[in-house]
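**Student:** Right, I'll just put the structure down here and ask away after.
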Protein chains: 2
Amino acid sequence: MNKSIVPLNELISQFARLPGIGNKTAQRLAYSILEQPKENAKAFADALINAKEKIHFCPVCGSLTDSDTCYICDDALRDHSVICVVEEPRDINVFERVREYNGLYHVLHGVISPLDNIGPEKLKIKELMARLADGTVKEIIMATNPTVEGEATASYLSRLIKPMNIKVTRLAYGIPVGSDLEYADEYTLTRALQGRNEI
Amino acid sequence: MNKSIVPLNELISQFARLPGIGNKTAQRLAYSILEQPKENAKAFADALINAKEKIHFCPVCGSLTDSDTCYICDDALRDHSVICVVEEPRDINVFERVREYNGLYHVLHGVISPLDNIGPEKLKIKELMARLADGTVKEIIMATNPTVEGEATASYLSRLIKPMNIKVTRLAYGIPVGSDLEYADEYTLTRALQGRNEI
């Protein structure tokens, strides 16, 4: 690293703070910025500031938005009787990309994780409960990740919600489409067997 | 992608313009910015602007600097009789990291590449010749990349410089240290054989 070029080192360390970007990649990215015209660096800087200033959480579902409520909550054509509960705002993209789901979302902003000192009170569970109060919602799909914490959060929530006479479902476990049985781990295979369907 | 969150999409596309960053990584990076405090995004934006505004090419060697001339050209303790010729400013880092070289550098800012319409006149060759005029320099080390263009540029320059009674050398080719002979390609192996040394 050029010890004495402070602005370059500062840019490299900013890139290196991003997730999954090591020092070598950060250097490559910083150099690429220097190779581009000044306007590009300005546009990048503006995009960073803008995104951070204009985007906030939707007060209803907790996803990201730059208007009052997010475009999914605002959409009257979507099925307002189903809510898919996810961990993070980015998980919504994954569902939206498959175009198979037409209901609403609720972002917990984390999962229950006693080891990290995250209890249910730190998640957007109160907000979810508030949305269920008026009886519009008929089904909650638990789409937390298939990890220990994701599982625990899903079953915690289902215990809370089931007494309200709302159907609580969980995404199916099984072998990923297009994969090879040989590479399936035993837990996935067990769940795939347990969840087998008649054809 | 969230079609309607313009500032988010703008940030994602800025990340996606960086070399080696695909759309999925760009999304992950953009989300990570949104998860951090506002000050971090501001610091990142400042670093981008700062780097671009304060860093320019050293008028002597063509490397990057934020002062009048770069810290290597300024360093009286370095050997001013040897110049290592590289393609890009980032190549200097690679040499500086190994701490084996104590001479100066000269950055060509490219290589001769007729296919890309880059002739010798587009490179910093005039500037290199100007540095050789006063007779201080005794050796030029050609450290262009071991590609067809890098080779062509090295031999073009050596034809220019040799008549001035300056030694022109080229980095040694051979098997990378720590690698396995099995994976060496035939060209590298041929050069390694041709360049064999007595032990």
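Each chain of the structure tokens is named A, B, ... in the order shown, its residues numbered from 1; ligands are numbered from 1 in display order.
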Can you pull out every residue within 8 Å of His109 (chain A), counting only C-alpha atoms, but drop anything in the same chain fewer than 3 positions away, and send it as JSON, numbers by chain?
**Tutor:** {"A": [62, 87, 88, 89, 123, 124]}
**Student:** Might you pull out every residue within 9 Å of His80 (chain B), with only C-alpha atoms counted and same-chain residues fewer than 3 positions away left off, and present them as a VMD selection string?
**Tutor:** chain B and resid 73 76 to 77 83 102 to 104 136 to 138
**Student:** Check which residues of chain B sit at most 9 Å from chain A using only C-alpha atoms, and return one row each with the closest pair of atoms and their distance in Å to one decimal, ordered by chain and rising number, as a Markdown table.
**Tutor:**
```
| residue | atom | partner | partner_atom | distance |
| --- | --- | --- | --- | --- |
| B:Met1 | CA | A:Asn93 | CA | 5.7 |
| B:Asn2 | CA | A:Asn93 | CA | 6.6 |
| B:Ser4 | CA | A:Tyr71 | CA | 7.0 |
| B:Ile5 | CA | A:Asp66 | CA | 6.0 |
| B:Val6 | CA | A:Asp66 | CA | 7.7 |
| B:Pro7 | CA | A:Ala51 | CA | 4.7 |
| B:Leu8 | CA | A:Ala51 | CA | 5.5 |
| B:Asn9 | CA | A:Ala51 | CA | 8.7 |
| B:Glu10 | CA | A:Ala47 | CA | 6.1 |
| B:Leu11 | CA | A:Ala47 | CA | 5.1 |
| B:Ile12 | CA | A:Ala47 | CA | 8.8 |
| B:Gln14 | CA | A:Phe44 | CA | 5.8 |
| B:Phe15 | CA | A:Phe44 | CA | 8.0 |
| B:Leu18 | CA | A:Leu29 | CA | 6.4 |
| B:Pro19 | CA | A:Leu29 | CA | 6.8 |
| B:Gly20 | CA | A:Leu29 | CA | 8.7 |
| B:Thr25 | CA | A:Gly20 | CA | 8.8 |
| B:Gln27 | CA | A:Arg90 | CA | 8.4 |
| B:Arg28 | CA | A:Pro19 | CA | 8.0 |
| B:Leu29 | CA | A:Leu18 | CA | 6.4 |
| B:Ala30 | CA | A:Leu48 | CA | 8.4 |
| B:Tyr31 | CA | A:Arg90 | CA | 7.2 |
| B:Ser32 | CA | A:Leu18 | CA | 7.1 |
| B:Ile33 | CA | A:Lys52 | CA | 7.5 |
| B:Leu34 | CA | A:Lys52 | CA | 5.9 |
| B:Gln36 | CA | A:Lys52 | CA | 8.9 |
| B:Pro37 | CA | A:Lys52 | CA | 8.5 |
| B:Lys38 | CA | A:Lys52 | CA | 6.2 |
| B:Asn40 | CA | A:Gln14 | CA | 8.7 |
| B:Ala41 | CA | A:Leu48 | CA | 5.9 |
| B:Lys42 | CA | A:Ile49 | CA | 6.1 |
| B:Ala43 | CA | A:Gln14 | CA | 7.9 |
| B:Phe44 | CA | A:Gln14 | CA | 5.8 |
| B:Ala45 | CA | A:Ala45 | CA | 4.1 |
| B:Asp46 | CA | A:Ala45 | CA | 7.1 |
| B:Ala47 | CA | A:Leu11 | CA | 5.1 |
| B:Leu48 | CA | A:Ala41 | CA | 5.8 |
| B:Ile49 | CA | A:Lys42 | CA | 6.1 |
| B:Asn50 | CA | A:Pro7 | CA | 6.2 |
| B:Ala51 | CA | A:Pro7 | CA | 4.8 |
| B:Lys52 | CA | A:Leu34 | CA | 5.9 |
| B:Glu53 | CA | A:Lys38 | CA | 7.7 |
| B:Lys54 | CA | A:Pro7 | CA | 7.0 |
| B:Ile55 | CA | A:Pro7 | CA | 7.2 |
| B:His56 | CA | A:Leu34 | CA | 8.7 |
| B:Leu64 | CA | A:Ile5 | CA | 7.9 |
| B:Thr65 | CA | A:Ile5 | CA | 6.0 |
| B:Asp66 | CA | A:Ile5 | CA | 6.0 |
| B:Ser67 | CA | A:Ile5 | CA | 8.4 |
| B:Cys70 | CA | A:Ile5 | CA | 8.7 |
| B:Tyr71 | CA | A:Ser4 | CA | 7.0 |
| B:Pro89 | CA | A:Tyr31 | CA | 8.5 |
| B:Arg90 | CA | A:Tyr31 | CA | 7.2 |
| B:Ile92 | CA | A:Asn2 | CA | 8.7 |
| B:Asn93 | CA | A:Met1 | CA | 5.7 |
| B:Val94 | CA | A:Met1 | CA | 8.4 |
| B:Glu96 | CA | A:Met1 | CA | 7.7 |
| B:Arg97 | CA | A:Met1 | CA | 7.2 |
```
**Student:** Could you state the separation of CA of Ser155 (chain A) and CA of Ala143 (chain A) in Å, given to one decimal place?
**Tutor:**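 These two atoms are separated by 11.4 Å.
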**Student:** Enumerate, as a PyMOL selection string, the complete set of residues in chain B that a backbone-based DSSP assignment places in alpha helix (DSSP H).
**Tutor:** chain B and resi 6-16+23-35+38-54+71-74+89-98+125-132+148-161+186-194
**Student:** If we count only C-alpha atoms, what is near region 159-170 of chain B at a cut-off of 12 Å, once residues fewer than 6 positions away on the same chain are taken out, given as a PyMOL selection string?
**Tutor:** chain B and resi 81-86+120+125-126+128-146+150-153+195
**Student:** How would the residues just picked look written out with N, CA and C atoms as an mmCIF file, in the first residue's frame?
**Tutor:**
```cif
data_model
loop_
_atom_site.group_PDB
_atom_site.id
_atom_site.type_symbol
_atom_site.label_atom_id
_atom_site.label_comp_id
_atom_site.auth_asym_id
_atom_site.auth_seq_id
_atom_site.Cartn_x
_atom_site.Cartn_y
_atom_site.Cartn_z
ATOM 1 N N SER B 81 19.500 5.481 -9.937
ATOM 2 C CA SER B 81 20.118 5.050 -11.187
ATOM 3 C C SER B 81 19.369 3.880 -11.835
ATOM 4 N N VAL B 82 18.306 3.410 -11.175
ATOM 5 C CA VAL B 82 17.519 2.307 -11.728
ATOM 6 C C VAL B 82 16.059 2.737 -11.827
ATOM 7 N N ILE B 83 15.455 2.469 -12.980
ATOM 8 C CA ILE B 83 14.021 2.752 -13.128
ATOM 9 C C ILE B 83 13.320 1.465 -13.532
ATOM 10 N N CYS B 84 12.272 1.138 -12.809
ATOM 11 C CA CYS B 84 11.460 -0.028 -13.126
ATOM 12 C C CYS B 84 10.231 0.464 -13.875
ATOM 13 N N VAL B 85 10.047 -0.009 -15.120
ATOM 14 C CA VAL B 85 8.945 0.465 -15.961
ATOM 15 C C VAL B 85 7.749 -0.460 -15.821
ATOM 16 N N VAL B 86 6.619 0.077 -15.371
ATOM 17 C CA VAL B 86 5.409 -0.732 -15.169
ATOM 18 C C VAL B 86 4.265 -0.179 -16.015
ATOM 19 N N PRO B 120 2.544 3.746 -29.404
ATOM 20 C CA PRO B 120 3.534 4.236 -28.443
ATOM 21 C C PRO B 120 3.271 5.690 -28.035
ATOM 22 N N ILE B 125 5.971 7.500 -22.850
ATOM 23 C CA ILE B 125 7.314 7.109 -23.291
ATOM 24 C C ILE B 125 8.204 8.341 -23.431
ATOM 25 N N LYS B 126 7.623 9.437 -23.965
ATOM 26 C CA LYS B 126 8.369 10.704 -24.036
ATOM 27 C C LYS B 126 8.899 11.092 -22.659
ATOM 28 N N LEU B 128 9.513 9.144 -20.170
ATOM 29 C CA LEU B 128 10.589 8.243 -19.756
ATOM 30 C C LEU B 128 11.910 8.669 -20.401
ATOM 31 N N MET B 129 11.846 8.991 -21.684
ATOM 32 C CA MET B 129 13.057 9.406 -22.409
ATOM 33 C C MET B 129 13.654 10.663 -21.778
ATOM 34 N N ALA B 130 12.782 11.586 -21.388
ATOM 35 C CA ALA B 130 13.252 12.827 -20.759
ATOM 36 C C ALA B 130 14.034 12.528 -19.485
ATOM 37 N N ARG B 131 13.601 11.481 -18.753
ATOM 38 C CA ARG B 131 14.277 11.146 -17.501
ATOM 39 C C ARG B 131 15.652 10.533 -17.748
ATOM 40 N N LEU B 132 15.846 9.973 -18.952
ATOM 41 C CA LEU B 132 17.108 9.287 -19.237
ATOM 42 C C LEU B 132 18.167 10.243 -19.780
ATOM 43 N N ALA B 133 17.747 11.482 -20.097
ATOM 44 C CA ALA B 133 18.627 12.409 -20.811
ATOM 45 C C ALA B 133 19.881 12.797 -20.035
ATOM 46 N N ASP B 134 19.775 12.972 -18.705
ATOM 47 C CA ASP B 134 20.922 13.521 -17.965
ATOM 48 C C ASP B 134 21.956 12.475 -17.548
ATOM 49 N N GLY B 135 21.773 11.203 -17.930
ATOM 50 C CA GLY B 135 22.801 10.195 -17.697
ATOM 51 C C GLY B 135 22.857 9.606 -16.300
ATOM 52 N N THR B 136 21.940 9.986 -15.405
ATOM 53 C CA THR B 136 21.924 9.411 -14.056
ATOM 54 C C THR B 136 21.512 7.941 -14.098
ATOM 55 N N VAL B 137 20.559 7.644 -14.981
ATOM 56 C CA VAL B 137 19.982 6.300 -15.003
ATOM 57 C C VAL B 137 20.909 5.327 -15.728
ATOM 58 N N LYS B 138 21.224 4.205 -15.040
ATOM 59 C CA LYS B 138 22.128 3.210 -15.608
ATOM 60 C C LYS B 138 21.394 1.935 -16.039
ATOM 61 N N GLU B 139 20.213 1.708 -15.477
ATOM 62 C CA GLU B 139 19.484 0.483 -15.805
ATOM 63 C C GLU B 139 17.977 0.723 -15.829
ATOM 64 N N ILE B 140 17.334 0.094 -16.820
ATOM 65 C CA ILE B 140 15.875 0.127 -16.918
ATOM 66 C C ILE B 140 15.393 -1.311 -16.771
ATOM 67 N N ILE B 141 14.537 -1.559 -15.792
ATOM 68 C CA ILE B 141 13.962 -2.897 -15.644
ATOM 69 C C ILE B 141 12.570 -2.888 -16.256
ATOM 70 N N MET B 142 12.352 -3.711 -17.279
ATOM 71 C CA MET B 142 11.042 -3.775 -17.912
ATOM 72 C C MET B 142 10.142 -4.693 -17.100
ATOM 73 N N ALA B 143 9.130 -4.132 -16.483
ATOM 74 C CA ALA B 143 8.230 -4.945 -15.666
ATOM 75 C C ALA B 143 6.806 -4.866 -16.190
ATOM 76 N N THR B 144 6.682 -4.775 -17.520
ATOM 77 C CA THR B 144 5.337 -4.878 -18.102
ATOM 78 C C THR B 144 4.875 -6.324 -17.926
ATOM 79 N N ASN B 145 3.565 -6.532 -18.032
ATOM 80 C CA ASN B 145 3.015 -7.867 -17.789
ATOM 81 C C ASN B 145 3.503 -8.891 -18.819
ATOM 82 N N PRO B 146 3.582 -10.154 -18.445
ATOM 83 C CA PRO B 146 4.029 -11.195 -19.389
ATOM 84 C C PRO B 146 2.936 -11.579 -20.377
ATOM 85 N N GLY B 150 2.455 -6.735 -23.382
ATOM 86 C CA GLY B 150 3.509 -6.354 -22.453
ATOM 87 C C GLY B 150 4.889 -6.657 -23.035
ATOM 88 N N GLU B 151 5.005 -7.815 -23.700
ATOM 89 C CA GLU B 151 6.263 -8.212 -24.351
ATOM 90 C C GLU B 151 6.628 -7.245 -25.460
ATOM 91 N N ALA B 152 5.637 -6.934 -26.293
ATOM 92 C CA ALA B 152 5.877 -6.054 -27.435
ATOM 93 C C ALA B 152 6.334 -4.684 -26.943
ATOM 94 N N THR B 153 5.694 -4.192 -25.897
ATOM 95 C CA THR B 153 6.052 -2.881 -25.359
ATOM 96 C C THR B 153 7.471 -2.910 -24.806
ATOM 97 N N GLY B 195 15.643 -20.330 -19.016
ATOM 98 C CA GLY B 195 16.273 -19.419 -18.060
ATOM 99 C C GLY B 195 16.933 -20.143 -16.897
#
```
**Student:** Could you pull out the residues in region 11-186 of chain A that DSSP calls strand (DSSP E or B) from the backbone, as a list in words?
**Tutor:** His56, Phe57, Leu64, Thr65, Asp79, His80, Ser81, Val82, Ile83, Cys84, Val85, Val86, Gly103, Leu104, Tyr105, His106, Val107, Ser113, Ile118, Glu139, Ile140, Ile141, Met142, Lys167, Val168, Thr169 and Arg170 of chain A
**Student:** So the first atom is CA of Pro59 (chain B) and the second is CA of Leu157 (chain B); what is the distance between them in Å, to one decimal place?
**Tutor:**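 About the pair CA of Pro59 (chain B) and CA of Leu157 (chain B): they are 19.9 Å apart.
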**Student:** List the spatial neighbours of Ile112 (chain B) as JSON, numbers by chain - criterion: any atom at most 10 Å away, only C-alpha atoms, same-chain residues fewer than 2 positions off excluded.
**Tutor:** {"B": [108, 110, 114, 115, 116, 117, 118, 119, 120, 121, 122, 123, 148, 149, 150, 151, 152, 153, 154, 156]}
**Student:** Could those selected residues go to a file with N, CA, C and O atoms, as a CSV table (one decimal), in the first residue's frame?
**Tutor:**
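What ended up in selection-v3.csv:
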```csv
chain,number,residue,atom,x,y,z
B,108,LEU,N,3.8,3.6,-17.5
B,108,LEU,CA,3.5,3.9,-18.9
B,108,LEU,C,2.1,4.2,-19.1
B,108,LEU,O,1.7,4.8,-20.1
B,110,GLY,N,-0.4,2.0,-19.6
B,110,GLY,CA,-0.9,1.2,-20.7
B,110,GLY,C,0.2,0.4,-21.4
B,110,GLY,O,1.4,0.5,-20.9
B,114,PRO,N,-2.1,-2.6,-30.8
B,114,PRO,CA,-2.6,-2.1,-32.0
B,114,PRO,C,-4.1,-2.4,-32.1
B,114,PRO,O,-4.9,-1.7,-32.7
B,115,LEU,N,-4.5,-3.6,-31.6
B,115,LEU,CA,-6.0,-4.0,-31.6
B,115,LEU,C,-6.9,-3.0,-30.9
B,115,LEU,O,-8.0,-2.7,-31.3
B,116,ASP,N,-6.4,-2.3,-29.8
B,116,ASP,CA,-7.1,-1.4,-29.1
B,116,ASP,C,-6.8,0.1,-29.5
B,116,ASP,O,-7.2,1.0,-28.9
B,117,ASN,N,-6.0,0.2,-30.7
B,117,ASN,CA,-5.7,1.5,-31.2
B,117,ASN,C,-4.8,2.3,-30.2
B,117,ASN,O,-4.8,3.5,-30.1
B,118,ILE,N,-3.9,1.5,-29.5
B,118,ILE,CA,-3.0,2.2,-28.6
B,118,ILE,C,-1.6,2.1,-29.1
B,118,ILE,O,-1.0,1.0,-29.1
B,119,GLY,N,-1.1,3.2,-29.7
B,119,GLY,CA,0.3,3.2,-30.2
B,119,GLY,C,1.2,3.8,-29.1
B,119,GLY,O,0.8,4.2,-28.1
B,120,PRO,N,2.5,3.7,-29.4
B,120,PRO,CA,3.5,4.2,-28.4
B,120,PRO,C,3.3,5.7,-28.0
B,120,PRO,O,3.6,6.1,-26.9
B,121,GLU,N,2.7,6.5,-28.9
B,121,GLU,CA,2.5,7.9,-28.7
B,121,GLU,C,1.5,8.1,-27.5
B,121,GLU,O,1.4,9.2,-26.9
B,122,LYS,N,0.6,7.1,-27.3
B,122,LYS,CA,-0.4,7.3,-26.2
B,122,LYS,C,0.2,6.9,-24.8
B,122,LYS,O,-0.5,7.1,-23.8
B,123,LEU,N,1.4,6.4,-24.8
B,123,LEU,CA,1.9,6.0,-23.5
B,123,LEU,C,2.9,7.0,-23.0
B,123,LEU,O,3.4,7.9,-23.8
B,148,VAL,N,1.3,-10.7,-24.5
B,148,VAL,CA,1.8,-10.4,-25.8
B,148,VAL,C,2.1,-8.9,-25.9
B,148,VAL,O,3.1,-8.4,-26.4
B,149,GLU,N,1.1,-8.1,-25.4
B,149,GLU,CA,1.2,-6.6,-25.5
B,149,GLU,C,2.4,-6.1,-24.6
B,149,GLU,O,3.2,-5.3,-25.0
B,150,GLY,N,2.5,-6.7,-23.4
B,150,GLY,CA,3.5,-6.4,-22.5
B,150,GLY,C,4.9,-6.7,-23.0
B,150,GLY,O,5.8,-5.9,-22.9
B,151,GLU,N,5.0,-7.8,-23.7
B,151,GLU,CA,6.3,-8.2,-24.4
B,151,GLU,C,6.6,-7.2,-25.5
B,151,GLU,O,7.8,-6.8,-25.6
B,152,ALA,N,5.6,-6.9,-26.3
B,152,ALA,CA,5.9,-6.1,-27.4
B,152,ALA,C,6.3,-4.7,-26.9
B,152,ALA,O,7.3,-4.1,-27.5
B,153,THR,N,5.7,-4.2,-25.9
B,153,THR,CA,6.1,-2.9,-25.4
B,153,THR,C,7.5,-2.9,-24.8
B,153,THR,O,8.3,-2.0,-25.0
B,154,ALA,N,7.8,-4.0,-24.1
B,154,ALA,CA,9.1,-4.1,-23.5
B,154,ALA,C,10.2,-4.1,-24.6
B,154,ALA,O,11.2,-3.4,-24.5
B,156,TYR,N,9.9,-3.0,-27.7
B,156,TYR,CA,9.9,-1.7,-28.4
B,156,TYR,C,10.8,-0.7,-27.6
B,156,TYR,O,11.6,0.0,-28.1
```
**Student:** Can you measure CA of Gln194 (chain B) to CA of Ile175 (chain B) for me? One decimal in Å is fine.
**Tutor:**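 Computed distance, CA of Gln194 (chain B) to CA of Ile175 (chain B), equals 11.8 Å.
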